[in-house]
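Undergrad: My structure is in upload.cif, and what it holds is mmCIF, C-alpha atoms:
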data_coords
#
loop_
_atom_site.label_atom_id
_atom_site.label_comp_id
_atom_site.auth_asym_id
_atom_site.auth_seq_id
_atom_site.Cartn_x
_atom_site.Cartn_y
_atom_site.Cartn_z
CA MET A 359 -34.12 3.33 -6.76
CA ASN A 360 -34.67 5.41 -3.63
CA ARG A 361 -32.97 8.73 -4.38
CA LEU A 362 -33.56 10.43 -1.06
CA PRO A 363 -30.24 9.52 0.62
CA LEU A 364 -28.42 10.69 -2.47
CA GLU A 365 -30.24 13.99 -2.55
CA ARG A 366 -29.32 14.67 1.04
CA LYS A 367 -25.65 14.06 0.29
CA VAL A 368 -23.37 16.67 -1.12
CA LEU A 369 -22.56 14.99 -4.38
CA SER A 370 -19.01 15.42 -5.47
CA GLU A 371 -18.24 15.05 -9.13
CA ASN A 372 -16.91 11.57 -8.45
CA ASP A 373 -20.08 10.50 -6.69
CA LEU A 374 -22.22 11.83 -9.51
CA ILE A 375 -20.32 9.80 -12.09
CA ALA A 376 -20.23 6.76 -9.79
CA ASN A 377 -23.98 6.88 -9.38
CA ARG A 378 -24.44 7.16 -13.12
CA LEU A 379 -22.23 4.07 -13.52
CA ARG A 380 -24.08 2.20 -10.80
CA GLU A 381 -27.39 2.78 -12.56
CA ARG A 382 -25.95 1.49 -15.80
CA PHE A 383 -24.60 -1.62 -14.05
CA LEU A 384 -27.99 -2.21 -12.42
CA ASP A 385 -29.85 -1.67 -15.69
CA ASN A 386 -27.61 -4.28 -17.32
CA ARG A 387 -27.69 -6.70 -14.36
CA ILE A 388 -23.89 -6.54 -14.08
CA LEU A 389 -22.11 -7.40 -10.87
CA CYS A 390 -19.29 -4.86 -10.65
CA VAL A 391 -16.74 -5.47 -7.88
CA ASN A 392 -13.85 -3.17 -6.92
CA LEU A 393 -10.82 -5.10 -5.62
CA ILE A 394 -8.58 -3.13 -3.27
CA SER A 395 -5.41 -4.19 -1.45
CA SER A 396 -1.78 -3.36 -0.74
CA PRO A 397 0.64 -3.86 -3.62
CA GLY A 398 1.46 -7.54 -3.97
CA SER A 399 -1.47 -9.02 -2.05
CA GLY A 400 -2.44 -11.11 -5.04
CA LYS A 401 -5.31 -9.28 -6.78
CA THR A 402 -4.03 -10.01 -10.29
CA THR A 403 -3.31 -13.66 -9.51
CA LEU A 404 -6.81 -14.02 -8.03
CA LEU A 405 -8.26 -12.58 -11.23
CA GLU A 406 -6.09 -14.86 -13.37
CA LYS A 407 -7.42 -17.90 -11.51
CA THR A 408 -10.96 -16.56 -11.77
CA LEU A 409 -10.81 -16.00 -15.53
CA GLU A 410 -9.11 -19.37 -15.96
CA HIS A 411 -12.01 -20.99 -14.09
CA PHE A 412 -14.71 -19.25 -16.13
CA PRO A 413 -16.07 -21.04 -19.21
CA LYS A 414 -15.24 -19.18 -22.42
CA SER A 415 -18.92 -18.26 -22.70
CA GLN A 416 -18.83 -16.37 -19.41
CA ARG A 417 -19.75 -12.71 -19.90
CA ALA A 418 -16.93 -11.13 -17.86
CA ALA A 419 -14.48 -8.25 -18.28
CA VAL A 420 -11.68 -6.60 -16.30
CA LEU A 421 -10.46 -3.03 -15.84
CA THR A 422 -7.09 -3.09 -14.10
CA GLY A 423 -5.48 0.01 -12.61
CA ASP A 424 -1.81 0.76 -12.13
CA ILE A 425 0.38 3.79 -11.78
CA GLN A 426 2.72 2.59 -14.50
CA THR A 427 3.06 -0.42 -16.84
CA GLU A 428 0.56 -2.56 -18.74
CA ASN A 429 1.84 -5.71 -17.02
CA ASP A 430 -1.38 -6.70 -15.32
CA ALA A 431 -3.53 -6.30 -18.42
CA ASN A 432 -1.03 -8.39 -20.38
CA ARG A 433 -1.23 -11.12 -17.73
CA LEU A 434 -5.03 -11.09 -17.80
CA LYS A 435 -5.62 -10.81 -21.54
CA ARG A 436 -4.42 -14.32 -22.30
CA PHE A 437 -7.68 -15.82 -21.00
CA GLY A 438 -9.64 -14.32 -23.89
CA PHE A 439 -11.93 -11.98 -21.95
CA PRO A 440 -12.04 -8.21 -22.56
CA VAL A 441 -9.36 -6.54 -20.41
CA LYS A 442 -8.21 -2.92 -20.33
CA GLN A 443 -5.36 -1.34 -18.39
CA ILE A 444 -6.00 2.02 -16.75
CA THR A 445 -2.62 3.65 -16.21
CA THR A 446 -3.05 6.50 -13.74
CA GLY A 447 0.37 8.08 -14.34
CA GLY A 448 1.06 8.78 -10.68
CA THR A 449 -2.42 8.97 -9.20
CA CYS A 450 -2.75 6.64 -6.26
CA HIS A 451 -6.30 5.41 -6.92
CA LEU A 452 -8.90 4.92 -9.64
CA ASP A 453 -11.79 7.36 -9.86
CA ALA A 454 -15.22 7.06 -11.43
CA ARG A 455 -14.34 9.18 -14.45
CA MET A 456 -11.51 6.79 -15.39
CA ILE A 457 -13.97 3.90 -15.25
CA GLU A 458 -16.58 5.72 -17.34
CA THR A 459 -14.01 6.70 -19.97
CA HIS A 460 -12.62 3.18 -20.28
CA LEU A 461 -16.12 1.67 -20.61
CA GLU A 462 -17.07 3.94 -23.53
CA ASP A 463 -16.57 1.32 -26.24
CA TRP A 464 -17.71 -1.72 -24.27
CA PRO A 465 -21.37 -2.70 -24.73
CA LEU A 466 -22.43 -3.32 -21.13
CA ARG A 467 -25.37 -5.49 -22.23
CA ASP A 468 -22.75 -8.15 -23.10
CA LEU A 469 -21.49 -8.45 -19.50
CA ASP A 470 -22.51 -10.22 -16.31
CA PHE A 471 -19.33 -9.54 -14.32
CA LEU A 472 -17.09 -6.48 -14.32
CA PHE A 473 -13.96 -6.77 -12.18
CA ILE A 474 -12.13 -3.58 -11.33
CA GLU A 475 -8.63 -4.11 -9.95
CA ASN A 476 -7.67 -0.91 -8.18
CA VAL A 477 -4.17 0.55 -7.77
CA GLY A 478 -2.26 -1.29 -5.02
CA ASN A 479 -2.94 0.95 -2.05
CA LEU A 480 -4.86 0.14 1.11
CA VAL A 481 -5.65 3.78 1.87
CA CYS A 482 -6.72 6.17 -0.89
CA PRO A 483 -8.84 3.90 -3.14
CA SER A 484 -11.25 3.29 -0.27
CA SER A 485 -12.57 6.86 -0.59
CA TYR A 486 -13.51 6.65 -4.27
CA ASP A 487 -16.84 5.18 -5.25
CA LEU A 488 -16.52 3.64 -8.71
CA GLY A 489 -20.17 2.65 -9.01
CA GLU A 490 -19.37 -0.88 -7.90
CA ALA A 491 -21.93 -3.12 -6.19
CA ALA A 492 -19.28 -4.18 -3.69
CA LYS A 493 -15.79 -3.31 -2.62
CA ILE A 494 -13.62 -6.34 -1.88
CA VAL A 495 -10.49 -6.01 0.25
CA VAL A 496 -7.70 -8.54 -0.31
CA LEU A 497 -5.29 -9.10 2.59
CA SER A 498 -2.47 -11.60 2.28
CA VAL A 499 -1.40 -13.58 5.33
CA THR A 500 2.12 -12.17 5.02
CA GLU A 501 0.89 -8.67 5.92
CA GLY A 502 0.01 -9.22 9.58
CA GLU A 503 -3.30 -9.63 11.35
CA ASP A 504 -3.32 -6.03 12.63
CA LYS A 505 -4.11 -4.46 9.26
CA PRO A 506 -7.90 -4.11 9.69
CA LEU A 507 -7.30 -1.97 12.78
CA LYS A 508 -4.58 0.13 11.15
CA TYR A 509 -6.45 0.69 7.86
CA PRO A 510 -10.06 0.58 9.07
CA SER A 511 -11.67 2.56 6.26
CA ILE A 512 -11.30 -0.06 3.56
CA PHE A 513 -12.35 -2.91 5.86
CA PHE A 514 -15.38 -0.90 6.97
CA ARG A 515 -16.43 -0.26 3.36
CA SER A 516 -15.78 -3.73 1.96
CA GLU A 517 -18.50 -6.33 1.72
CA LEU A 518 -15.96 -9.16 1.44
CA LEU A 519 -12.48 -9.77 2.87
CA ILE A 520 -10.40 -12.20 0.84
CA LEU A 521 -7.61 -13.57 2.98
CA SER A 522 -5.05 -14.59 0.37
CA LYS A 523 -1.86 -16.68 0.20
CA THR A 524 -3.06 -19.09 2.90
CA ASP A 525 -0.49 -21.61 1.58
CA LEU A 526 2.12 -19.46 3.38
CA LEU A 527 0.47 -19.83 6.81
CA PRO A 528 2.97 -22.48 8.01
CA TYR A 529 5.85 -20.04 7.40
CA VAL A 530 4.55 -16.72 8.72
CA PRO A 531 3.53 -15.48 12.16
CA PHE A 532 -0.14 -14.83 11.30
CA ASP A 533 -3.17 -15.74 13.40
CA VAL A 534 -6.20 -16.14 11.11
CA ASP A 535 -8.68 -15.93 14.00
CA VAL A 536 -7.17 -12.68 15.26
CA ALA A 537 -7.21 -11.21 11.75
CA MET A 538 -10.89 -12.11 11.32
CA GLU A 539 -11.71 -10.78 14.78
CA ASN A 540 -9.95 -7.50 13.94
CA ALA A 541 -11.83 -7.23 10.64
CA ARG A 542 -15.14 -7.84 12.42
CA ARG A 543 -14.35 -5.23 15.08
CA VAL A 544 -14.24 -2.72 12.22
CA HIS A 545 -17.06 -4.27 10.20
CA PRO A 546 -19.12 -6.92 12.02
CA ALA A 547 -21.02 -8.05 8.88
CA ILE A 548 -18.00 -8.47 6.59
CA ASP A 549 -17.88 -11.75 4.66
CA VAL A 550 -14.56 -13.62 4.75
CA VAL A 551 -13.18 -16.07 2.19
CA LYS A 552 -9.75 -17.65 2.70
CA VAL A 553 -7.96 -18.59 -0.49
CA SER A 554 -4.69 -19.83 -1.88
CA CYS A 555 -4.26 -19.21 -5.59
CA LEU A 556 -1.23 -21.51 -5.52
CA ASN A 557 -2.93 -24.65 -4.20
CA GLY A 558 -6.51 -23.71 -5.05
CA SER A 559 -7.80 -23.90 -1.48
CA GLY A 560 -10.92 -21.79 -0.93
CA MET A 561 -11.34 -20.86 -4.58
CA ASP A 562 -14.71 -22.66 -4.85
CA GLU A 563 -15.98 -20.52 -2.00
CA TRP A 564 -14.89 -17.38 -3.88
CA PHE A 565 -16.61 -18.56 -7.08
CA HIS A 566 -19.72 -19.34 -5.07
CA TRP A 567 -19.65 -15.87 -3.48
CA LEU A 568 -19.43 -14.31 -6.96
CA GLU A 569 -22.35 -16.32 -8.32
CA THR A 570 -24.54 -15.65 -5.31
CA ARG A 571 -23.71 -11.95 -5.30
CA ARG A 572 -24.33 -11.70 -9.03
CA HIS A 573 -27.73 -13.26 -8.53
CA SER A 574 -28.60 -10.94 -5.67
CA CYS A 575 -27.37 -7.80 -7.43
CA SER A 576 -30.17 -8.16 -9.93
CA LEU A 577 -32.68 -8.50 -7.09
CA ARG A 578 -31.63 -5.96 -4.47
CA LEU A 579 -30.37 -2.40 -4.34
CA PRO A 580 -26.65 -1.88 -3.87
CA GLN A 581 -25.44 -0.70 -0.47
CA GLN A 582 -25.17 3.06 -0.20
CA GLN A 583 -21.53 4.17 -0.08
CA MET B 45 24.90 24.66 2.43
CA ASN B 46 24.46 25.74 -1.17
CA ARG B 47 21.06 27.41 -1.23
CA LEU B 48 20.88 28.16 -4.95
CA PRO B 49 18.93 25.05 -6.02
CA LEU B 50 16.44 25.69 -3.25
CA GLU B 51 15.96 29.29 -4.22
CA ARG B 52 15.21 28.32 -7.78
CA LYS B 53 12.55 25.90 -6.66
CA VAL B 54 9.00 26.86 -5.92
CA LEU B 55 8.94 25.93 -2.27
CA SER B 56 5.72 24.50 -1.06
CA GLU B 57 4.92 24.76 2.60
CA ASN B 58 5.96 21.15 3.08
CA ASP B 59 9.31 21.70 1.42
CA LEU B 60 9.96 24.79 3.53
CA ILE B 61 9.38 22.86 6.74
CA ALA B 62 11.31 19.84 5.43
CA ASN B 63 14.30 22.02 4.64
CA ARG B 64 14.12 23.56 8.11
CA LEU B 65 14.12 20.05 9.57
CA ARG B 66 16.98 18.95 7.32
CA GLU B 67 19.13 21.83 8.53
CA ARG B 68 18.40 20.94 12.14
CA PHE B 69 19.33 17.29 11.48
CA LEU B 70 22.55 18.37 9.78
CA ASP B 71 23.41 20.82 12.56
CA ASN B 72 23.00 18.01 15.07
CA ARG B 73 24.76 15.37 12.91
CA ILE B 74 21.64 13.18 12.98
CA LEU B 75 21.02 10.55 10.35
CA CYS B 76 17.30 10.74 9.67
CA VAL B 77 15.87 7.99 7.46
CA ASN B 78 12.30 7.75 6.16
CA LEU B 79 11.12 4.14 5.76
CA ILE B 80 8.40 3.62 3.16
CA SER B 81 6.65 0.43 2.05
CA SER B 82 3.34 -1.28 1.48
CA PRO B 83 1.40 -2.25 4.60
CA GLY B 84 2.88 -5.40 6.09
CA SER B 85 6.28 -5.36 4.39
CA GLY B 86 8.00 -5.51 7.75
CA LYS B 87 9.05 -1.93 8.61
CA THR B 88 8.11 -2.23 12.27
CA THR B 89 9.76 -5.63 12.64
CA LEU B 90 12.93 -4.28 11.01
CA LEU B 91 12.94 -1.40 13.51
CA GLU B 92 12.32 -3.79 16.40
CA LYS B 93 15.35 -5.84 15.39
CA THR B 94 17.39 -2.67 14.90
CA LEU B 95 16.57 -1.26 18.34
CA GLU B 96 17.15 -4.68 19.90
CA HIS B 97 20.61 -4.74 18.31
CA PHE B 98 21.56 -1.24 19.49
CA PRO B 99 23.41 -0.88 22.80
CA LYS B 100 21.34 0.95 25.41
CA SER B 101 23.72 3.88 25.06
CA GLN B 102 22.84 4.29 21.38
CA ARG B 103 21.39 7.74 20.70
CA ALA B 104 18.38 6.70 18.59
CA ALA B 105 14.69 7.55 18.38
CA VAL B 106 11.66 6.59 16.29
CA LEU B 107 8.62 8.42 14.95
CA THR B 108 6.12 5.90 13.63
CA GLY B 109 3.15 6.86 11.48
CA ASP B 110 -0.19 5.14 11.14
CA ILE B 111 -3.69 6.04 10.14
CA GLN B 112 -5.14 4.53 13.29
CA THR B 113 -3.85 2.75 16.43
CA GLU B 114 -0.79 3.13 18.63
CA ASN B 115 0.20 -0.50 17.99
CA ASP B 116 3.54 0.16 16.36
CA ALA B 117 4.74 2.62 19.00
CA ASN B 118 3.78 0.13 21.70
CA ARG B 119 5.79 -2.58 19.96
CA LEU B 120 8.83 -0.31 19.64
CA LYS B 121 8.77 1.34 23.07
CA ARG B 122 9.80 -1.82 24.90
CA PHE B 123 13.43 -1.39 23.81
CA GLY B 124 13.84 1.72 25.95
CA PHE B 125 14.47 4.28 23.20
CA PRO B 126 12.29 7.36 22.67
CA VAL B 127 9.36 6.44 20.41
CA LYS B 128 6.31 8.47 19.40
CA GLN B 129 3.29 7.45 17.37
CA ILE B 130 2.00 9.89 14.78
CA THR B 131 -1.63 8.97 14.11
CA THR B 132 -2.72 10.66 10.90
CA GLY B 133 -6.46 10.02 11.35
CA GLY B 134 -7.07 9.08 7.72
CA THR B 135 -4.24 10.85 5.93
CA CYS B 136 -2.32 8.42 3.74
CA HIS B 137 1.19 9.80 4.39
CA LEU B 138 3.30 11.73 6.89
CA ASP B 139 4.17 15.35 6.12
CA ALA B 140 6.95 17.58 7.37
CA ARG B 141 4.69 19.54 9.74
CA MET B 142 3.73 16.33 11.57
CA ILE B 143 7.41 15.56 12.04
CA GLU B 144 8.24 19.06 13.27
CA THR B 145 5.34 19.05 15.72
CA HIS B 146 6.28 15.66 17.16
CA LEU B 147 9.92 16.68 17.59
CA GLU B 148 9.07 19.77 19.63
CA ASP B 149 9.94 18.31 23.01
CA TRP B 150 12.85 16.11 21.91
CA PRO B 151 16.32 17.66 22.26
CA LEU B 152 17.89 16.79 18.92
CA ARG B 153 21.40 17.18 20.31
CA ASP B 154 20.80 13.89 22.16
CA LEU B 155 20.29 11.90 18.94
CA ASP B 156 22.48 10.23 16.30
CA PHE B 157 19.72 8.29 14.52
CA LEU B 158 16.14 9.28 13.86
CA PHE B 159 13.99 6.61 12.19
CA ILE B 160 10.72 7.70 10.62
CA GLU B 161 8.37 4.84 9.82
CA ASN B 162 5.89 6.19 7.31
CA VAL B 163 2.26 5.11 6.83
CA GLY B 164 2.08 1.79 4.93
CA ASN B 165 1.59 3.04 1.38
CA LEU B 166 3.91 2.65 -1.58
CA VAL B 167 2.49 5.65 -3.43
CA CYS B 168 1.67 8.87 -1.59
CA PRO B 169 4.51 9.06 1.00
CA SER B 170 7.08 9.20 -1.80
CA SER B 171 6.01 12.76 -2.65
CA TYR B 172 6.51 14.21 0.83
CA ASP B 173 9.96 15.34 1.87
CA LEU B 174 10.27 14.99 5.66
CA GLY B 175 13.75 16.47 5.88
CA GLU B 176 15.31 13.01 5.90
CA ALA B 177 18.83 12.33 4.67
CA ALA B 178 17.57 9.25 2.84
CA LYS B 179 14.36 7.54 1.92
CA ILE B 180 14.46 3.76 2.28
CA VAL B 181 11.98 1.55 0.47
CA VAL B 182 11.17 -1.83 2.00
CA LEU B 183 9.85 -4.51 -0.37
CA SER B 184 9.03 -7.97 0.91
CA VAL B 185 9.63 -10.97 -1.32
CA THR B 186 5.95 -11.88 -1.08
CA GLU B 187 4.95 -8.79 -3.06
CA GLY B 188 6.35 -9.71 -6.48
CA GLU B 189 9.42 -8.60 -8.38
CA ASP B 190 7.43 -6.24 -10.64
CA LYS B 191 6.80 -3.62 -7.95
CA PRO B 192 9.71 -1.25 -8.84
CA LEU B 193 8.25 -0.87 -12.34
CA LYS B 194 4.69 -0.43 -11.13
CA TYR B 195 5.54 2.05 -8.35
CA PRO B 196 8.61 3.75 -9.79
CA SER B 197 8.46 7.01 -7.85
CA ILE B 198 9.45 5.57 -4.48
CA PHE B 199 12.19 3.38 -5.96
CA PHE B 200 13.57 6.37 -7.88
CA ARG B 201 13.67 8.51 -4.73
CA SER B 202 15.04 5.91 -2.33
CA GLU B 203 18.74 5.59 -1.61
CA LEU B 204 18.32 2.05 -0.29
CA LEU B 205 16.05 -0.86 -1.14
CA ILE B 206 15.60 -3.34 1.68
CA LEU B 207 14.38 -6.64 0.32
CA SER B 208 12.67 -8.16 3.34
CA LYS B 209 11.33 -11.57 4.41
CA THR B 210 13.98 -13.45 2.43
CA ASP B 211 13.27 -16.49 4.65
CA LEU B 212 10.08 -16.91 2.58
CA LEU B 213 11.95 -17.21 -0.74
CA PRO B 214 11.62 -21.02 -0.88
CA TYR B 215 7.82 -20.70 -0.71
CA VAL B 216 7.03 -17.82 -3.06
CA PRO B 217 7.44 -17.27 -6.80
CA PHE B 218 9.92 -14.36 -6.52
CA ASP B 219 13.09 -13.89 -8.54
CA VAL B 220 15.55 -11.74 -6.55
CA ASP B 221 17.70 -10.97 -9.60
CA VAL B 222 14.71 -9.76 -11.60
CA ALA B 223 13.53 -7.61 -8.67
CA MET B 224 16.97 -6.00 -8.37
CA GLU B 225 17.18 -5.51 -12.12
CA ASN B 226 13.76 -3.82 -12.10
CA ALA B 227 14.78 -1.57 -9.21
CA ARG B 228 17.96 -0.58 -11.05
CA ARG B 229 16.06 0.14 -14.26
CA VAL B 230 14.20 2.80 -12.26
CA HIS B 231 17.19 3.89 -10.15
CA PRO B 232 20.59 2.57 -11.30
CA ALA B 233 22.46 3.72 -8.17
CA ILE B 234 20.07 2.30 -5.58
CA ASP B 235 21.72 0.30 -2.78
CA VAL B 236 20.16 -3.08 -2.02
CA VAL B 237 20.24 -5.01 1.24
CA LYS B 238 18.48 -8.36 1.55
CA VAL B 239 17.27 -9.21 5.04
CA SER B 240 15.24 -11.68 7.03
CA CYS B 241 14.18 -10.40 10.42
CA LEU B 242 13.10 -13.94 11.31
CA ASN B 243 16.45 -15.69 10.79
CA GLY B 244 18.70 -12.62 11.01
CA SER B 245 20.17 -13.03 7.53
CA GLY B 246 21.51 -9.77 6.10
CA MET B 247 20.95 -7.76 9.27
CA ASP B 248 24.67 -7.05 9.71
CA GLU B 249 24.72 -5.51 6.26
CA TRP B 250 21.81 -3.25 7.24
CA PHE B 251 23.55 -2.19 10.49
CA HIS B 252 26.71 -1.52 8.49
CA TRP B 253 24.77 0.61 5.98
CA LEU B 254 23.34 2.63 8.87
CA GLU B 255 26.75 3.23 10.47
CA THR B 256 28.40 4.17 7.19
CA ARG B 257 25.55 6.46 6.19
CA ARG B 258 25.52 8.09 9.64
CA HIS B 259 29.23 8.78 9.27
CA SER B 260 28.83 10.23 5.79
CA CYS B 261 25.82 12.36 6.67
CA SER B 262 28.02 14.47 8.90
CA LEU B 263 30.50 14.90 6.04
CA ARG B 264 28.38 15.43 2.95
CA LEU B 265 25.29 17.30 1.91
CA PRO B 266 22.05 15.37 1.65
CA GLN B 267 20.73 14.57 -1.82
CA GLN B 268 18.32 17.18 -3.14
CA GLN B 269 14.77 15.83 -3.22
#
Do you think you could lay out the structure here as structure tokens?

TA:
Amino acid sequence: MNRLPLERKVLSENDLIANRLRERFLDNRILCVNLISSPGSGKTTLLEKTLEHFPKSQRAAVLTGDIQTENDANRLKRFGFPVKQITTGGTCHLDARMIETHLEDWPLRDLDFLFIENVGNLVCPSSYDLGEAAKIVVLSVTEGEDKPLKYPSIFFRSELLILSKTDLLPYVPFDVDVAMENARRVHPAIDVVKVSCLNGSGMDEWFHWLETRRHSCSLRLPQQQ
Amino acid sequence: MNRLPLERKVLSENDLIANRLRERFLDNRILCVNLISSPGSGKTTLLEKTLEHFPKSQRAAVLTGDIQTENDANRLKRFGFPVKQITTGGTCHLDARMIETHLEDWPLRDLDFLFIENVGNLVCPSSYDLGEAAKIVVLSVTEGEDKPLKYPSIFFRSELLILSKTDLLPYVPFDVDVAMENARRVHPAIDVVKVSCLNGSGMDEWFHWLETRRHSCSLRLPQQQ
């Protein structure tokens, strides 16, 4: 791993821990993704459908963040994969130390995929590197196509935009092309996958993205944050 | 105004400015409300419909916060009322100093209503007193009925919950009764108004709440934050 860019950077405590995590994920050939969105954009439902799709032999786990409640972990645990809730108790984002602490008793060699579901917040989580290979921003079609311009940081830092709840497109004033154009104004190379967890549309594309990215993460270096 | 509770409190800089603002709003009999929600819950659309409903003689103004872009102010200015954009440049919430600065050249004696549209974020803005008489949380029916439990701070501190986008209820898995029950578990006395800005349902109730609250704010002390 080329350490020069890191050495030039002033490493905050968070970045130090995140880099330690990233090395562990790379050593274990784990694809770790950090899902970020507004509250209610459908991150947990997307993960439910993903775990439901996985064969029982799939080596996958989830860390799910919330300010209060264990609701999301309870929803996700029923698929039989390891799931832990991180309750931040008021903090508006996950940080790398929370991830490291909650991974202490999980043998990483048993995993291929680690999903981190961040606190529902389109602003603050974008600043915290969790050691992930890729940030993924989820935007539901009910939120308006202007969001990439109004919250550019997370769209700039995300490798993939998941446009969710596309089943609602007939009922909401939302122009998919404008939304994608806005996202690409902020981040020209961003990947886009359009999904509906209700009718299943686009889910194969999401699964394909995961498989391809998992394959590549064992071959190439992660993007510098 | 009874100053004892304030004197007992350790006043942060924000609280000091917020209290200064609150006194100015009270002196001028202005109802100042602070609208808080996730990105895309419909705050701007609600304000558009509110300004559209007001007679031209209505003494109302809007401060609208965003991380980037002047989009919201541009949408709201076309109704002829004073509107200013506060662009935070990355900060995830408005603070009292931003409000004070942006009010410098507005004669408050000319206003009855001041609407503050906060940055789209259900977490951080709840901690910042802006001198408002009431915080209002907007939750759209696409976001899930669990949100009051997962983001309790803003529901606890809000006087009113506006349940928005009710026109989408036939198409989303959202139980209004459960959402209201969850909100009242966090804040038993919270008012609830259900609206659709698309079909106009519930808007009269919202306008009535505003008028009643404006009347009472010149008669009673604001709630302590």

Undergrad: On this structure, the PyMOL selection byres ((chain B) within 7 of (chain A)) would catch which residues? List them as a list of chain:residue names, sorted by chain and number.

TA: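 Those residues are B:Ser82, B:Pro83, B:Gly84, B:Ser85, B:Asp110, B:Ile111, B:Gln112, B:Thr113, B:Cys136, B:Asn165, B:Val167, B:Cys168, B:Thr186, B:Glu187, B:Gly188, B:Leu193, B:Lys194, B:Tyr195.
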
Undergrad: Could you pull the residues within 10 Å of Arg433 (chain A), counting only C-alpha atoms, minus those fewer than 3 positions along the same chain, as a list in words?

TA: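 Within the cut-off, the hits are Thr402, Thr403, Leu405, Glu406, Glu428, Asn429, Asp430, Arg436, Phe437 and Val441 of chain A.
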
Undergrad: Could you tell me which residues the PyMOL selection byres ((chain B and resi 246) around 12) returns for this structure, as JSON, numbers by chain?

TA: {"B": [90, 93, 206, 207, 208, 209, 210, 211, 236, 237, 238, 239, 240, 241, 242, 243, 244, 245, 247, 248, 249, 250, 251, 252, 253]}

Undergrad: Could you state which residues are captured by the PyMOL selection byres ((chain B and resi 178) around 8) in this file, as number ranges by chain?

TA: B: 76-78, 176-177, 179-180, 202-204, 266-267

Undergrad: Would you compute, for all listed atoms of region 99-114 of chain B, the axis-aligned bounding box grown by 8 Å on each side, and then report its centre and edge lengths in Å rounded to one decimal, as AutoDock Vina command-line options?

TA:
--center_x 9.3 --center_y 3.8 --center_z 17.8 --size_x 44.9 --size_y 25.3 --size_z 31.3

Undergrad: Calculate how many Å separate CA of Phe159 (chain B) from CA of Ala233 (chain B), rounding to one decimal.

TA: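 Those two atoms sit 22.2 Å apart.
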
Undergrad: In Å, how far is it from CA of Trp150 (chain B) to CA of Thr256 (chain B)?

TA: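 Computing it gives 24.5 Å between the two atoms.
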
Undergrad: CA of Thr446 (chain A) to CA of Ile61 (chain B): how many Å, to one decimal?

TA: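 According to the coordinates, CA of Thr446 (chain A) and CA of Ile61 (chain B) are separated by 29.0 Å.
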
Undergrad: I need the residue nearest Ile234 (chain B) from this list: B:Arg201, B:Lys121, B:Leu213, B:Asn63. Use all atoms listed in the file for the distance.

TA: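 Using all atoms listed in the file, Ile234 (chain B) sits closest to B:Arg201.
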
Undergrad: A:Asn432, A:Ser415, A:Asn372, A:Thr408: which is nearest Leu488 (chain A), counting all atoms listed in the file?

TA: A:Asn372

Undergrad: Using only C-alpha atoms, can you tell me which of A:Phe514, A:Glu410, A:Ile444, A:Phe471 comes closest to Glu569 (chain A)?

TA: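 The answer is A:Phe471, which sits nearest to Glu569 (chain A).
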
Undergrad: At a cut-off of 6 Å around the point (11.8, 16.4, 6.3) (file coordinates), what residues fall inside when counting all atoms listed in the file? I'd like the answer as a ChimeraX atom specification.

TA: /B:62,65-66,140,173-176

Undergrad: Rebuild N, CA and C atoms on region 561-570 of chain A, as an mmCIF file, keeping the file's coordinate frame?

TA:
data_model
loop_
_atom_site.group_PDB
_atom_site.id
_atom_site.type_symbol
_atom_site.label_atom_id
_atom_site.label_comp_id
_atom_site.auth_asym_id
_atom_site.auth_seq_id
_atom_site.Cartn_x
_atom_site.Cartn_y
_atom_site.Cartn_z
ATOM 1 N N MET A 561 -10.927 -21.540 -3.340
ATOM 2 C CA MET A 561 -11.340 -20.860 -4.580
ATOM 3 C C MET A 561 -12.812 -21.139 -4.905
ATOM 4 N N ASP A 562 -13.293 -22.366 -4.579
ATOM 5 C CA ASP A 562 -14.710 -22.660 -4.850
ATOM 6 C C ASP A 562 -15.619 -21.732 -4.048
ATOM 7 N N GLU A 563 -15.171 -21.410 -2.832
ATOM 8 C CA GLU A 563 -15.980 -20.520 -2.000
ATOM 9 C C GLU A 563 -16.056 -19.124 -2.629
ATOM 10 N N TRP A 564 -14.936 -18.679 -3.182
ATOM 11 C CA TRP A 564 -14.890 -17.380 -3.880
ATOM 12 C C TRP A 564 -15.805 -17.401 -5.103
ATOM 13 N N PHE A 565 -15.743 -18.477 -5.896
ATOM 14 C CA PHE A 565 -16.610 -18.560 -7.080
ATOM 15 C C PHE A 565 -18.081 -18.570 -6.663
ATOM 16 N N HIS A 566 -18.350 -19.280 -5.567
ATOM 17 C CA HIS A 566 -19.720 -19.340 -5.070
ATOM 18 C C HIS A 566 -20.184 -17.954 -4.616
ATOM 19 N N TRP A 567 -19.293 -17.232 -3.921
ATOM 20 C CA TRP A 567 -19.650 -15.870 -3.480
ATOM 21 C C TRP A 567 -20.000 -15.009 -4.699
ATOM 22 N N LEU A 568 -19.202 -15.108 -5.752
ATOM 23 C CA LEU A 568 -19.430 -14.310 -6.960
ATOM 24 C C LEU A 568 -20.793 -14.636 -7.585
ATOM 25 N N GLU A 569 -21.085 -15.924 -7.698
ATOM 26 C CA GLU A 569 -22.350 -16.320 -8.320
ATOM 27 C C GLU A 569 -23.545 -15.836 -7.501
ATOM 28 N N THR A 570 -23.444 -16.042 -6.185
ATOM 29 C CA THR A 570 -24.540 -15.650 -5.310
ATOM 30 C C THR A 570 -24.742 -14.131 -5.354
#
